[in-house]
$ cat data_29.cif   # mmCIF, C-alpha atoms
data_input
loop_
_atom_site.label_atom_id
_atom_site.label_comp_id
_atom_site.auth_asym_id
_atom_site.auth_seq_id
_atom_site.Cartn_x
_atom_site.Cartn_y
_atom_site.Cartn_z
CA MET A 122 64.46 86.58 127.66
CA ASN A 123 63.44 87.89 124.27
CA ALA A 124 66.49 88.04 121.98
CA ASP A 125 65.36 91.38 120.51
CA SER A 126 64.79 93.15 123.83
CA VAL A 127 66.96 96.14 124.61
CA THR A 128 68.29 94.76 127.92
CA PHE A 129 69.25 91.49 126.27
CA ILE A 130 71.17 93.23 123.50
CA PHE A 131 72.97 95.38 126.06
CA LEU A 132 74.01 92.47 128.29
CA ASN A 133 74.88 90.30 125.31
CA ALA A 134 77.29 92.89 123.93
CA ALA A 135 78.74 93.86 127.32
CA ILE A 136 79.27 90.50 129.00
CA VAL A 137 78.22 87.34 127.15
CA ASN A 138 79.80 88.16 123.79
CA ASN A 139 82.28 90.65 125.21
CA PHE A 140 83.74 92.64 122.33
CA VAL A 141 87.35 92.24 123.40
CA LEU A 142 87.52 88.84 125.04
CA ALA A 143 85.06 86.85 122.92
CA MET A 144 85.01 88.63 119.57
CA PHE A 145 88.58 89.97 119.33
CA LEU A 146 87.63 93.53 118.49
CA GLY A 147 89.75 96.40 119.80
CA ILE A 148 92.72 94.24 120.77
CA CYS A 149 95.29 96.94 119.92
CA PRO A 150 94.16 99.48 122.57
CA PHE A 151 93.41 96.55 124.90
CA LEU A 152 97.08 95.54 124.83
CA GLY A 153 98.45 99.06 124.44
CA VAL A 154 96.56 101.17 126.99
CA SER A 155 95.97 98.65 129.76
CA ALA A 156 99.15 99.32 131.75
CA LYS A 157 97.52 101.78 134.22
CA ARG A 158 94.02 101.93 135.66
CA GLU A 159 93.62 105.70 135.22
CA THR A 160 94.45 105.74 131.51
CA ALA A 161 92.34 102.62 130.98
CA TRP A 162 89.36 104.38 132.56
CA SER A 163 89.68 107.53 130.40
CA MET A 164 90.20 105.42 127.28
CA GLY A 165 87.08 103.41 128.10
CA LEU A 166 84.97 106.57 128.53
CA ALA A 167 86.24 108.07 125.27
CA VAL A 168 85.48 104.83 123.42
CA ILE A 169 81.93 104.62 124.84
CA PHE A 170 81.25 108.18 123.68
CA VAL A 171 82.70 107.78 120.18
CA MET A 172 80.89 104.45 119.80
CA LEU A 173 77.57 106.06 120.66
CA VAL A 174 78.08 108.97 118.25
CA SER A 175 79.26 106.77 115.38
CA SER A 176 76.53 104.20 115.96
CA ILE A 177 73.83 106.87 115.72
CA SER A 178 75.43 108.40 112.61
CA ALA A 179 75.90 104.96 111.04
CA TYR A 180 72.20 104.28 111.51
CA GLY A 181 71.31 107.48 109.68
CA ILE A 182 73.82 106.91 106.91
CA ASN A 183 72.67 103.36 106.31
CA TRP A 184 69.12 104.66 105.88
CA ILE A 185 70.28 107.23 103.32
CA LEU A 186 72.38 104.69 101.43
CA GLN A 187 69.50 102.23 101.31
CA THR A 188 67.12 104.87 100.00
CA LEU A 189 69.59 105.81 97.27
CA ASN A 190 70.42 102.12 96.63
CA ILE A 191 74.19 102.56 96.87
CA GLU A 192 75.03 100.18 99.72
CA TYR A 193 78.46 99.36 98.26
CA LEU A 194 79.68 102.73 99.54
CA ARG A 195 78.80 101.71 103.12
CA LEU A 196 82.31 100.90 104.31
CA ILE A 197 83.85 104.10 102.94
CA CYS A 198 81.07 106.23 104.45
CA TYR A 199 81.27 104.53 107.86
CA ILE A 200 85.00 105.01 108.19
CA ALA A 201 84.75 108.64 107.09
CA VAL A 202 82.02 109.24 109.69
CA ILE A 203 84.04 107.60 112.45
CA ALA A 204 87.11 109.66 111.58
CA SER A 205 85.03 112.85 111.69
CA ALA A 206 83.30 111.81 114.93
CA VAL A 207 86.69 111.35 116.57
CA GLN A 208 87.77 114.75 115.26
CA LEU A 209 84.56 116.29 116.62
CA VAL A 210 85.06 114.75 120.06
CA GLU A 211 88.64 115.99 120.05
CA MET A 212 87.65 119.58 119.22
CA THR A 213 84.75 119.63 121.70
CA LEU A 214 86.93 118.33 124.51
CA LYS A 215 89.69 120.79 123.69
CA LYS A 216 87.23 123.66 123.91
CA PHE A 217 85.17 122.66 126.95
CA SER A 218 87.44 120.44 129.04
CA PRO A 219 91.15 120.98 128.38
CA ALA A 220 92.10 118.89 131.44
CA LEU A 221 90.40 115.77 130.13
CA PHE A 222 91.80 116.50 126.67
CA ARG A 223 95.35 116.51 128.01
CA ALA A 224 94.72 113.34 130.03
CA LEU A 225 93.58 111.41 126.96
CA GLY A 226 96.37 112.79 124.77
CA ILE A 227 97.41 110.49 121.97
CA PHE A 228 94.62 107.96 122.64
CA LEU A 229 91.91 110.17 121.14
CA PRO A 230 93.10 110.12 117.49
CA LEU A 231 93.97 106.43 117.85
CA ILE A 232 90.30 105.61 118.46
CA THR A 233 89.77 106.00 114.70
CA THR A 234 91.62 102.75 114.06
CA ASN A 235 89.92 100.92 116.92
CA CYS A 236 88.17 98.07 115.14
CA ALA A 237 85.55 97.79 117.89
CA ILE A 238 84.00 101.08 116.72
CA LEU A 239 83.74 100.06 113.07
CA GLY A 240 82.68 96.61 114.30
CA VAL A 241 79.68 98.09 116.14
CA ALA A 242 78.59 99.98 113.02
CA LEU A 243 78.96 96.92 110.77
CA PHE A 244 77.28 94.47 113.15
CA GLN A 245 74.27 96.67 113.84
CA THR A 246 73.78 96.93 110.06
CA SER A 247 74.13 93.22 109.37
CA ARG A 248 71.83 92.30 112.28
CA GLU A 249 69.26 94.90 111.16
CA TYR A 250 68.80 96.52 114.56
CA ASN A 251 66.35 99.40 114.83
CA PHE A 252 67.38 102.73 116.32
CA VAL A 253 66.83 101.93 120.01
CA GLN A 254 68.46 98.52 119.64
CA SER A 255 71.47 100.11 117.90
CA VAL A 256 71.96 102.59 120.73
CA SER A 257 71.75 99.91 123.41
CA PHE A 258 74.09 97.66 121.37
CA SER A 259 76.73 100.39 121.07
CA LEU A 260 76.43 101.28 124.78
CA GLY A 261 76.78 97.61 125.70
CA ALA A 262 79.82 97.19 123.48
CA GLY A 263 81.44 100.28 125.00
CA VAL A 264 80.74 99.15 128.56
CA GLY A 265 82.08 95.68 127.74
CA PHE A 266 85.26 97.20 126.31
CA THR A 267 85.72 99.32 129.45
CA ILE A 268 85.14 96.30 131.74
CA ALA A 269 87.75 94.24 129.87
CA LEU A 270 90.23 97.11 129.86
CA MET A 271 89.81 97.82 133.60
CA LEU A 272 90.14 94.14 134.56
CA MET A 273 93.29 93.85 132.48
CA ALA A 274 94.79 97.06 133.91
CA GLY A 275 94.16 95.85 137.47
CA LEU A 276 95.83 92.51 136.76
CA ARG A 277 98.81 94.13 135.07
CA GLN A 278 99.38 96.54 137.96
CA GLN A 279 99.50 93.56 140.34
CA LEU A 280 101.82 91.75 137.95
CA GLU A 281 104.42 94.50 138.21
CA LEU A 282 105.19 93.27 141.73
CA ALA A 283 105.58 89.64 140.65
CA LYS A 284 108.76 88.03 139.43
CA VAL A 285 108.46 86.50 135.97
CA PRO A 286 111.12 84.95 133.70
CA SER A 287 112.74 87.53 131.42
CA ILE A 288 111.45 85.99 128.18
CA SER A 289 107.81 86.21 129.28
CA GLN A 290 107.94 89.91 130.16
CA GLY A 291 105.80 92.30 128.14
CA ALA A 292 103.43 91.22 125.42
CA ALA A 293 103.74 87.46 125.93
CA MET A 294 102.63 87.69 129.57
CA THR A 295 99.82 90.12 128.69
CA LEU A 296 98.47 87.71 126.07
CA MET A 297 98.53 84.78 128.52
CA LEU A 298 96.60 86.92 131.04
CA ALA A 299 94.11 87.87 128.33
CA GLY A 300 93.66 84.18 127.54
CA LEU A 301 92.81 83.44 131.18
CA LEU A 302 90.35 86.36 131.30
CA SER A 303 88.79 85.12 128.08
CA LEU A 304 88.43 81.63 129.59
CA ALA A 305 86.65 83.18 132.57
CA PHE A 306 84.25 85.09 130.29
CA MET A 307 83.41 81.86 128.46
CA GLY A 308 81.55 80.89 131.61
CA PHE A 309 78.85 83.39 130.56
CA ALA A 310 78.48 81.73 127.17
CA GLY A 311 75.39 79.72 128.08
CA LEU A 312 73.46 82.85 129.03
CA GLY A 313 73.00 84.39 125.61
CA ALA A 314 72.37 83.67 121.99
CA SER A 315 75.37 83.78 119.70
CA HIS A 316 74.85 85.98 116.67
CA GLY A 317 78.27 85.40 115.08
CA MET B 209 110.95 99.21 114.68
CA ALA B 210 114.30 99.38 112.89
CA ALA B 211 115.46 102.81 111.79
CA LEU B 212 113.60 103.75 108.66
CA PRO B 213 115.62 105.45 105.92
CA ASP B 214 114.79 109.10 105.42
CA LYS B 215 115.92 109.10 101.81
CA HIS B 216 114.68 106.88 99.00
CA GLU B 217 115.69 103.34 99.68
CA THR B 218 117.43 101.35 96.94
CA VAL B 219 115.63 98.07 96.42
CA THR B 220 117.64 95.12 97.71
CA LEU B 221 116.75 91.64 98.85
CA ASP B 222 116.63 93.04 102.38
CA THR B 223 113.71 95.31 101.43
CA PHE B 224 111.61 92.17 101.04
CA LEU B 225 113.14 89.90 103.70
CA ARG B 226 112.95 92.50 106.48
CA GLY B 227 109.16 92.22 106.58
CA LEU B 228 109.32 88.45 106.95
CA TRP B 229 111.56 88.33 109.97
CA GLN B 230 113.18 91.44 111.53
CA GLU B 231 110.10 93.63 111.15
CA ASN B 232 107.46 90.90 111.19
CA PRO B 233 104.22 92.84 111.75
CA VAL B 234 102.71 90.34 114.20
CA PHE B 235 105.56 88.79 116.15
CA VAL B 236 107.87 91.80 116.37
CA MET B 237 105.76 94.95 115.95
CA LEU B 238 102.48 93.60 117.42
CA LEU B 239 100.34 95.24 114.72
CA GLY B 240 97.11 93.93 113.26
CA MET B 241 96.22 91.91 116.34
CA CYS B 242 92.45 91.70 115.82
CA PRO B 243 92.40 89.66 112.59
CA THR B 244 95.43 87.72 113.81
CA LEU B 245 93.49 86.37 116.76
CA ALA B 246 89.98 86.28 115.36
CA VAL B 247 90.24 84.37 112.09
CA THR B 248 93.06 81.93 112.83
CA ASN B 249 90.81 79.13 114.11
CA SER B 250 91.62 77.17 110.94
CA ALA B 251 94.57 77.20 108.56
CA ILE B 252 92.48 77.97 105.47
CA ASN B 253 90.86 81.02 107.10
CA ALA B 254 94.29 82.25 108.17
CA LEU B 255 95.66 81.87 104.64
CA ALA B 256 92.69 83.67 103.05
CA MET B 257 92.91 86.51 105.56
CA GLY B 258 96.67 86.83 105.03
CA LEU B 259 96.33 87.00 101.24
CA ALA B 260 93.44 89.48 101.38
CA SER B 261 95.38 91.75 103.74
CA THR B 262 98.50 91.48 101.55
CA PHE B 263 96.52 92.52 98.47
CA VAL B 264 95.04 95.55 100.25
CA LEU B 265 98.42 96.46 101.74
CA VAL B 266 100.31 96.35 98.43
CA MET B 267 97.63 98.07 96.34
CA SER B 268 96.82 100.85 98.80
CA ASN B 269 100.47 101.53 99.61
CA SER B 270 101.33 101.71 95.90
CA LEU B 271 98.61 104.28 95.38
CA VAL B 272 99.77 106.25 98.44
CA SER B 273 103.34 106.14 97.14
CA MET B 274 102.30 107.35 93.68
CA MET B 275 100.28 110.21 95.15
CA ARG B 276 102.68 111.10 97.96
CA ASN B 277 103.54 114.49 96.42
CA PHE B 278 99.90 115.54 95.93
CA ILE B 279 98.38 114.61 99.30
CA PRO B 280 98.31 117.63 101.67
CA LYS B 281 99.95 116.89 105.03
CA GLN B 282 96.92 117.95 107.10
CA VAL B 283 94.44 115.47 105.63
CA ARG B 284 96.84 112.62 104.89
CA ILE B 285 95.45 110.11 107.43
CA ALA B 286 91.88 110.59 106.16
CA THR B 287 93.11 110.20 102.57
CA TYR B 288 94.97 106.98 103.40
CA ILE B 289 91.90 105.53 105.12
CA ILE B 290 89.65 106.33 102.16
CA ILE B 291 92.16 104.70 99.77
CA ILE B 292 92.38 101.60 101.99
CA ALA B 293 88.58 101.41 102.33
CA THR B 294 88.21 101.44 98.54
CA PHE B 295 90.47 98.41 98.11
CA VAL B 296 88.86 96.60 101.04
CA THR B 297 85.42 97.04 99.42
CA MET B 298 86.86 95.45 96.25
CA VAL B 299 88.29 92.49 98.18
CA ASP B 300 85.04 92.11 100.12
CA TYR B 301 82.96 91.75 96.96
CA ALA B 302 85.61 89.56 95.26
CA ILE B 303 85.66 87.03 98.12
CA GLN B 304 81.86 87.02 98.22
CA ALA B 305 81.84 86.14 94.51
CA ILE B 306 84.60 83.50 94.67
CA SER B 307 83.66 81.54 97.79
CA LEU B 308 80.56 82.23 99.86
CA ASP B 309 81.63 79.67 102.50
CA LEU B 310 84.88 81.51 103.08
CA TYR B 311 83.01 84.82 103.16
CA ASN B 312 80.69 83.55 105.88
CA ALA B 313 83.56 82.06 107.88
CA LEU B 314 85.54 85.31 107.89
CA GLY B 315 82.43 87.39 108.57
CA ALA B 316 82.89 91.06 109.32
CA PHE B 317 86.65 90.68 109.57
CA ILE B 318 87.17 91.21 105.83
CA GLN B 319 85.62 94.66 106.12
CA LEU B 320 87.57 95.26 109.30
CA ILE B 321 90.82 95.08 107.27
CA VAL B 322 90.20 98.85 106.92
CA VAL B 323 91.19 99.42 110.52
CA ASN B 324 94.13 97.01 110.49
CA CYS B 325 96.79 99.29 111.97
CA MET B 326 99.51 97.42 110.05
CA ILE B 327 98.28 98.82 106.71
CA LEU B 328 97.79 102.39 107.90
CA GLY B 329 101.11 102.17 109.74
CA ARG B 330 103.00 101.13 106.60
CA ALA B 331 101.29 103.86 104.56
CA GLU B 332 102.35 106.51 107.08
CA ALA B 333 105.82 105.19 107.89
CA TYR B 334 107.00 103.85 104.55
CA ALA B 335 104.82 104.39 101.46
CA SER B 336 104.41 108.13 102.00
CA LYS B 337 108.18 108.61 101.77
CA GLN B 338 109.41 105.99 99.32
CA ARG B 339 109.34 105.36 95.58
CA LEU B 340 106.81 103.00 94.00
CA GLY B 341 109.20 100.07 93.39
CA ALA B 342 110.53 99.94 96.94
CA THR B 343 106.99 100.29 98.32
CA ILE B 344 105.68 97.33 96.33
CA ILE B 345 108.61 95.05 97.29
CA ASN B 346 108.43 96.10 100.95
CA GLY B 347 104.65 95.70 100.98
CA LEU B 348 104.96 92.19 99.57
CA GLY B 349 107.51 91.37 102.29
CA ILE B 350 105.35 92.71 105.11
CA GLY B 351 102.31 90.95 103.66
CA ALA B 352 104.23 87.68 103.43
CA GLY B 353 105.35 88.12 107.04
CA PHE B 354 101.75 88.73 108.12
CA THR B 355 100.50 85.66 106.21
CA PHE B 356 103.31 83.58 107.68
CA ALA B 357 102.40 84.66 111.22
CA LEU B 358 98.70 83.96 110.64
CA LEU B 359 99.53 80.51 109.28
CA CYS B 360 101.74 79.80 112.32
CA LEU B 361 98.73 80.42 114.54
CA GLY B 362 96.13 78.84 112.27
CA VAL B 363 98.03 75.58 111.81
CA VAL B 364 98.67 75.09 115.53
CA ARG B 365 95.10 75.95 116.51
CA GLU B 366 93.49 73.75 113.86
CA VAL B 367 95.71 70.72 114.56
CA LEU B 368 95.19 70.92 118.33
CA GLY B 369 91.60 72.07 118.36
CA ALA B 370 90.04 70.04 115.57
CA GLY B 371 92.65 67.38 114.68
CA THR B 372 92.69 68.47 111.04
CA LEU B 373 94.98 70.49 108.75
CA PHE B 374 93.45 72.42 105.82
CA GLY B 375 90.40 70.21 106.37
CA PHE B 376 92.23 66.85 106.16
CA VAL B 377 91.88 64.55 109.16
CA LEU B 378 95.30 63.98 110.72
CA PHE B 379 94.71 61.57 113.57
CA GLY B 380 92.69 58.40 114.11
CA GLU B 381 89.21 58.23 115.55
CA ASN B 382 90.47 58.12 119.11
CA PHE B 383 91.81 61.67 118.93
CA GLN B 384 90.11 63.88 121.47
CA PRO B 385 90.15 67.45 120.10
CA TRP B 386 91.33 70.20 122.45
CA VAL B 387 88.31 72.37 121.68
CA ILE B 388 89.47 75.36 123.73
CA MET B 389 92.17 75.95 121.09
CA ILE B 390 89.69 76.97 118.38
CA LEU B 391 87.68 79.08 120.84
CA PRO B 392 88.74 82.66 121.72
CA PRO B 393 91.05 81.80 124.69
CA GLY B 394 93.10 79.49 122.43
CA GLY B 395 93.98 82.42 120.19
CA PHE B 396 95.47 84.37 123.10
CA PHE B 397 97.35 81.32 124.43
CA VAL B 398 98.85 80.25 121.08
CA LEU B 399 99.98 83.79 120.19
CA GLY B 400 101.46 84.15 123.70
CA ALA B 401 103.32 80.87 123.25
CA TRP B 402 104.73 81.95 119.85
CA LEU B 403 105.91 85.22 121.40
CA LEU B 404 107.62 83.25 124.17
CA ILE B 405 109.46 81.18 121.54
CA PHE B 406 110.50 84.29 119.62
CA ASN B 407 111.72 86.00 122.80
CA TRP B 408 113.69 82.90 123.77
CA PHE B 409 115.49 82.89 120.40
CA ARG B 410 116.21 86.61 120.69
CA ASP B 411 117.59 86.23 124.23
CA ARG B 412 119.84 83.37 123.14
CA ARG B 413 121.19 85.37 120.19
CA GLU B 414 121.89 88.41 122.37
CA GLN B 415 123.60 86.24 124.98
CA ALA B 416 125.78 84.67 122.26
CA GLU B 417 126.75 88.13 120.99
CA ARG B 418 127.67 89.26 124.52
CA ASP B 419 129.79 86.14 125.05
CA LEU B 420 131.56 86.68 121.74
CA ALA B 421 132.33 90.30 122.64
CA GLU B 422 133.72 89.21 126.01
CA VAL B 423 136.02 86.63 124.44
CA GLN B 424 137.30 89.21 121.96
CA ASN B 425 137.93 91.71 124.74
CA GLU B 426 140.06 89.23 126.68
CA ARG B 427 142.37 88.66 123.73
#
$ encode --input "data_29.cif" --output "structure tokens"
Amino acid sequence: MNADSVTFIFLNAAIVNNFVLAMFLGICPFLGVSAKRETAWSMGLAVIFVMLVSSISAYGINWILQTLNIEYLRLICYIAVIASAVQLVEMTLKKFSPALFRALGIFLPLITTNCAILGVALFQTSREYNFVQSVSFSLGAGVGFTIALMLMAGLRQQLELAKVPSISQGAAMTLMLAGLLSLAFMGFAGLGASHG
Amino acid sequence: MAALPDKHETVTLDTFLRGLWQENPVFVMLLGMCPTLAVTNSAINALAMGLASTFVLVMSNSLVSMMRNFIPKQVRIATYIIIIATFVTMVDYAIQAISLDLYNALGAFIQLIVVNCMILGRAEAYASKQRLGATIINGLGIGAGFTFALLCLGVVREVLGAGTLFGFVLFGENFQPWVIMILPPGGFFVLGAWLLIFNWFRDRREQAERDLAEVQNER
């Protein structure tokens, strides 16, 4: 498959180089919000949406910065855009779908400090993706994040019924599970090209 | 998290030491997980990441502390993030100038220091309420604790996964490296193992305290 094709970029970001399990982006929500399947699902959807919005805005901003030749402001601009995008999503949801807004609760503002979002913006810049590639990359990253989160939530709900030693309860057990999931995802490694 | 003082804290040795052990950002508070796992595949990367994060933490928190009376409550988070991003940009260009190899090894994770929740968390929970002196000492302590935790992971992963330490070969030619340790799953496993060790120590200490209380009650 051509490494620049849209499908390849999507699958590469979603499965082969999964953002959470292979590139360690967005670990905080991955460990924090993966206790229940329902919250994991809403978190995943919110992240996909914010990723898409910030990826599109980041593409525009990068173009402006390059035209003006002030690329050193990139990081500051990106983070400001992501913070405003999250704010925008929050206000829109509050106005049009209060039920979903209540369900997401505290997770919405926390998306600002999700490094997967900033990661998408930075990677698409450093890999010089065009507009369509950027969109498919951000969608793939969001879907990959949701897949990882849902898998983890399912495992952790099963784990509640199991008996584990007291010292391995909580974060230690979650990290071991994540390690096993990550091992499983390494099986996909041969399928794609690693961009690093 | 231990109870944070509402009033201005007087600087003691504890202000610094708390960050190293009781409030260790990685092992106790589970903050800043992404860089912790991503760049600790060798000890030198871990050290560089720890020092860079410490610099950003101390500088940005000092600035937040100095400006704490001017920043309006409503836009404080955005202000903190902009301040942090400024210092991260400085570190990013500095590392690029000092060592290009290191810059390439750390990749995007230097820029991702911006979204390290440890730094924003300290700005919100500590620097926005405390005086400059206490903020600097506490920031240095938290930064040292973060660097220490990163080194704990980096050393174990490099020794097991590559058979080297800071680039020096440790074992003979017959050593078969445990490659999985420097790949992503190794990061999760080693951090999980360290947490197990920490929990075991904490359980033992609590058990000892309970036993002591029981003995005293019987008297």
$ atom_distance --input "data_29.cif" --atom1 "atom CA of Cys236 of chain A" --atom2 "atom CA of Gly165 of chain A"
14.1 Å
$ resolve_selection --input "data_29.cif" --expression "the PyMOL selection byres ((chain A) within 8 of (chain B))" --output "PDB file with C-alpha atoms, in the coordinates of the input"
ATOM      1  CA  LEU A 142      87.520  88.840 125.040  1.00  0.00           C
ATOM      2  CA  ALA A 143      85.060  86.850 122.920  1.00  0.00           C
ATOM      3  CA  MET A 144      85.010  88.630 119.570  1.00  0.00           C
ATOM      4  CA  PHE A 145      88.580  89.970 119.330  1.00  0.00           C
ATOM      5  CA  LEU A 146      87.630  93.530 118.490  1.00  0.00           C
ATOM      6  CA  GLY A 147      89.750  96.400 119.800  1.00  0.00           C
ATOM      7  CA  ILE A 148      92.720  94.240 120.770  1.00  0.00           C
ATOM      8  CA  CYS A 149      95.290  96.940 119.920  1.00  0.00           C
ATOM      9  CA  TYR A 193      78.460  99.360  98.260  1.00  0.00           C
ATOM     10  CA  LEU A 196      82.310 100.900 104.310  1.00  0.00           C
ATOM     11  CA  ILE A 197      83.850 104.100 102.940  1.00  0.00           C
ATOM     12  CA  ILE A 200      85.000 105.010 108.190  1.00  0.00           C
ATOM     13  CA  ALA A 201      84.750 108.640 107.090  1.00  0.00           C
ATOM     14  CA  ALA A 204      87.110 109.660 111.580  1.00  0.00           C
ATOM     15  CA  THR A 233      89.770 106.000 114.700  1.00  0.00           C
ATOM     16  CA  THR A 234      91.620 102.750 114.060  1.00  0.00           C
ATOM     17  CA  ASN A 235      89.920 100.920 116.920  1.00  0.00           C
ATOM     18  CA  CYS A 236      88.170  98.070 115.140  1.00  0.00           C
ATOM     19  CA  LEU A 239      83.740 100.060 113.070  1.00  0.00           C
ATOM     20  CA  GLY A 240      82.680  96.610 114.300  1.00  0.00           C
ATOM     21  CA  LEU A 243      78.960  96.920 110.770  1.00  0.00           C
ATOM     22  CA  PHE A 244      77.280  94.470 113.150  1.00  0.00           C
ATOM     23  CA  ILE A 288     111.450  85.990 128.180  1.00  0.00           C
ATOM     24  CA  SER A 289     107.810  86.210 129.280  1.00  0.00           C
ATOM     25  CA  ALA A 292     103.430  91.220 125.420  1.00  0.00           C
ATOM     26  CA  ALA A 293     103.740  87.460 125.930  1.00  0.00           C
ATOM     27  CA  MET A 294     102.630  87.690 129.570  1.00  0.00           C
ATOM     28  CA  THR A 295      99.820  90.120 128.690  1.00  0.00           C
ATOM     29  CA  LEU A 296      98.470  87.710 126.070  1.00  0.00           C
ATOM     30  CA  MET A 297      98.530  84.780 128.520  1.00  0.00           C
ATOM     31  CA  ALA A 299      94.110  87.870 128.330  1.00  0.00           C
ATOM     32  CA  GLY A 300      93.660  84.180 127.540  1.00  0.00           C
ATOM     33  CA  LEU A 301      92.810  83.440 131.180  1.00  0.00           C
ATOM     34  CA  SER A 303      88.790  85.120 128.080  1.00  0.00           C
ATOM     35  CA  LEU A 304      88.430  81.630 129.590  1.00  0.00           C
ATOM     36  CA  GLY A 317      78.270  85.400 115.080  1.00  0.00           C
TER      37      GLY A 317
END
$ resolve_selection --input "data_29.cif" --expression "the PyMOL selection byres ((chain A and resi 269) around 9)" --output "list of chain:residue names"
A:Asn139, A:Phe140, A:Val141, A:Leu142, A:Phe151, A:Val264, A:Gly265, A:Phe266, A:Thr267, A:Ile268, A:Leu270, A:Met271, A:Leu272, A:Met273, A:Ala274, A:Leu302
$ atom_distance --input "data_29.cif" --atom1 "atom CA of Phe129 of chain A" --atom2 "atom CA of Ala206 of chain A"
27.2 Å
$ atom_distance --input "data_29.cif" --atom1 "atom CA of Arg330 of chain B" --atom2 "atom CA of Leu231 of chain A"
15.4 Å
$ resolve_selection --input "data_29.cif" --expression "the PyMOL selection byres ((chain A and resi 253-258) around 7)" --output "ChimeraX atom specification"
/A:127,130-131,134,173,176-177,245,250-252,259-262
$ axis_aligned_box --input "data_29.cif" --around "segment 352-366 of chain B" --padding-each-side "8 Å" --output "JSON"
{"center_x": 99.4, "center_y": 81.2, "center_z": 110.0, "size_x": 27.9, "size_y": 31.0, "size_z": 29.1}
$ residues_around --input "data_29.cif" --residues "Gly353 of chain B" --least-positions-apart "5" --cutoff "6 Å" --atoms "all atoms listed in the file" --output "number ranges by chain"
B: 227-228, 232
$ closest_residue --input "data_29.cif" --among "A:Leu189, A:Lys215, A:Ala161, A:Met172" --to "Ile232 of chain A" --atoms "all atoms listed in the file"
A:Met172
$ residues_around --input "data_29.cif" --residues "Leu271 of chain B" --least-positions-apart "6" --cutoff "10 Å" --atoms "only C-alpha atoms" --output "PyMOL selection string"
chain B and resi 288+291-292+331+335-336+340+343-344
$ residues_around --input "data_29.cif" --residues "Thr262 of chain B" --least-positions-apart "2" --cutoff "10 Å" --atoms "all atoms listed in the file" --output "PyMOL selection string"
chain B and resi 256-260+264-268+327+347-355
$ decode --input "data_29.cif" --residues "segment 128-159 of chain A" --atoms "C-alpha atoms" --output "compact mmCIF listing (two decimals), in the first residue's frame"
# COMPACT_ATOMS: atom_id res chain seq x y z
CA THR A 128 -6.55 4.71 4.08
CA PHE A 129 -3.00 3.81 5.04
CA ILE A 130 -2.61 6.89 7.23
CA PHE A 131 -5.94 6.15 8.90
CA LEU A 132 -5.14 2.51 9.67
CA ASN A 133 -1.58 3.34 10.69
CA ALA A 134 -2.76 5.86 13.28
CA ALA A 135 -5.70 3.77 14.50
CA ILE A 136 -4.18 0.29 14.79
CA VAL A 137 -0.55 -0.22 13.77
CA ASN A 138 0.92 2.75 15.62
CA ASN A 139 -1.95 3.06 18.08
CA PHE A 140 -1.68 6.42 19.82
CA VAL A 141 -2.13 5.05 23.32
CA LEU A 142 -0.56 1.61 23.25
CA ALA A 143 2.37 2.17 20.89
CA MET A 144 3.14 5.87 21.15
CA PHE A 145 2.19 6.62 24.78
CA LEU A 146 0.00 9.62 24.01
CA GLY A 147 -3.08 10.27 26.13
CA ILE A 148 -2.11 7.92 28.94
CA CYS A 149 -3.70 10.08 31.66
CA PRO A 150 -7.31 9.76 30.42
CA PHE A 151 -6.53 6.16 29.39
CA LEU A 152 -5.79 5.28 33.03
CA GLY A 153 -8.28 7.72 34.54
CA VAL A 154 -11.49 7.25 32.54
CA SER A 155 -11.30 3.57 31.65
CA ALA A 156 -13.15 2.22 34.70
CA LYS A 157 -16.59 2.02 32.97
CA ARG A 158 -17.55 1.29 29.38
CA GLU A 159 -20.16 4.06 29.15
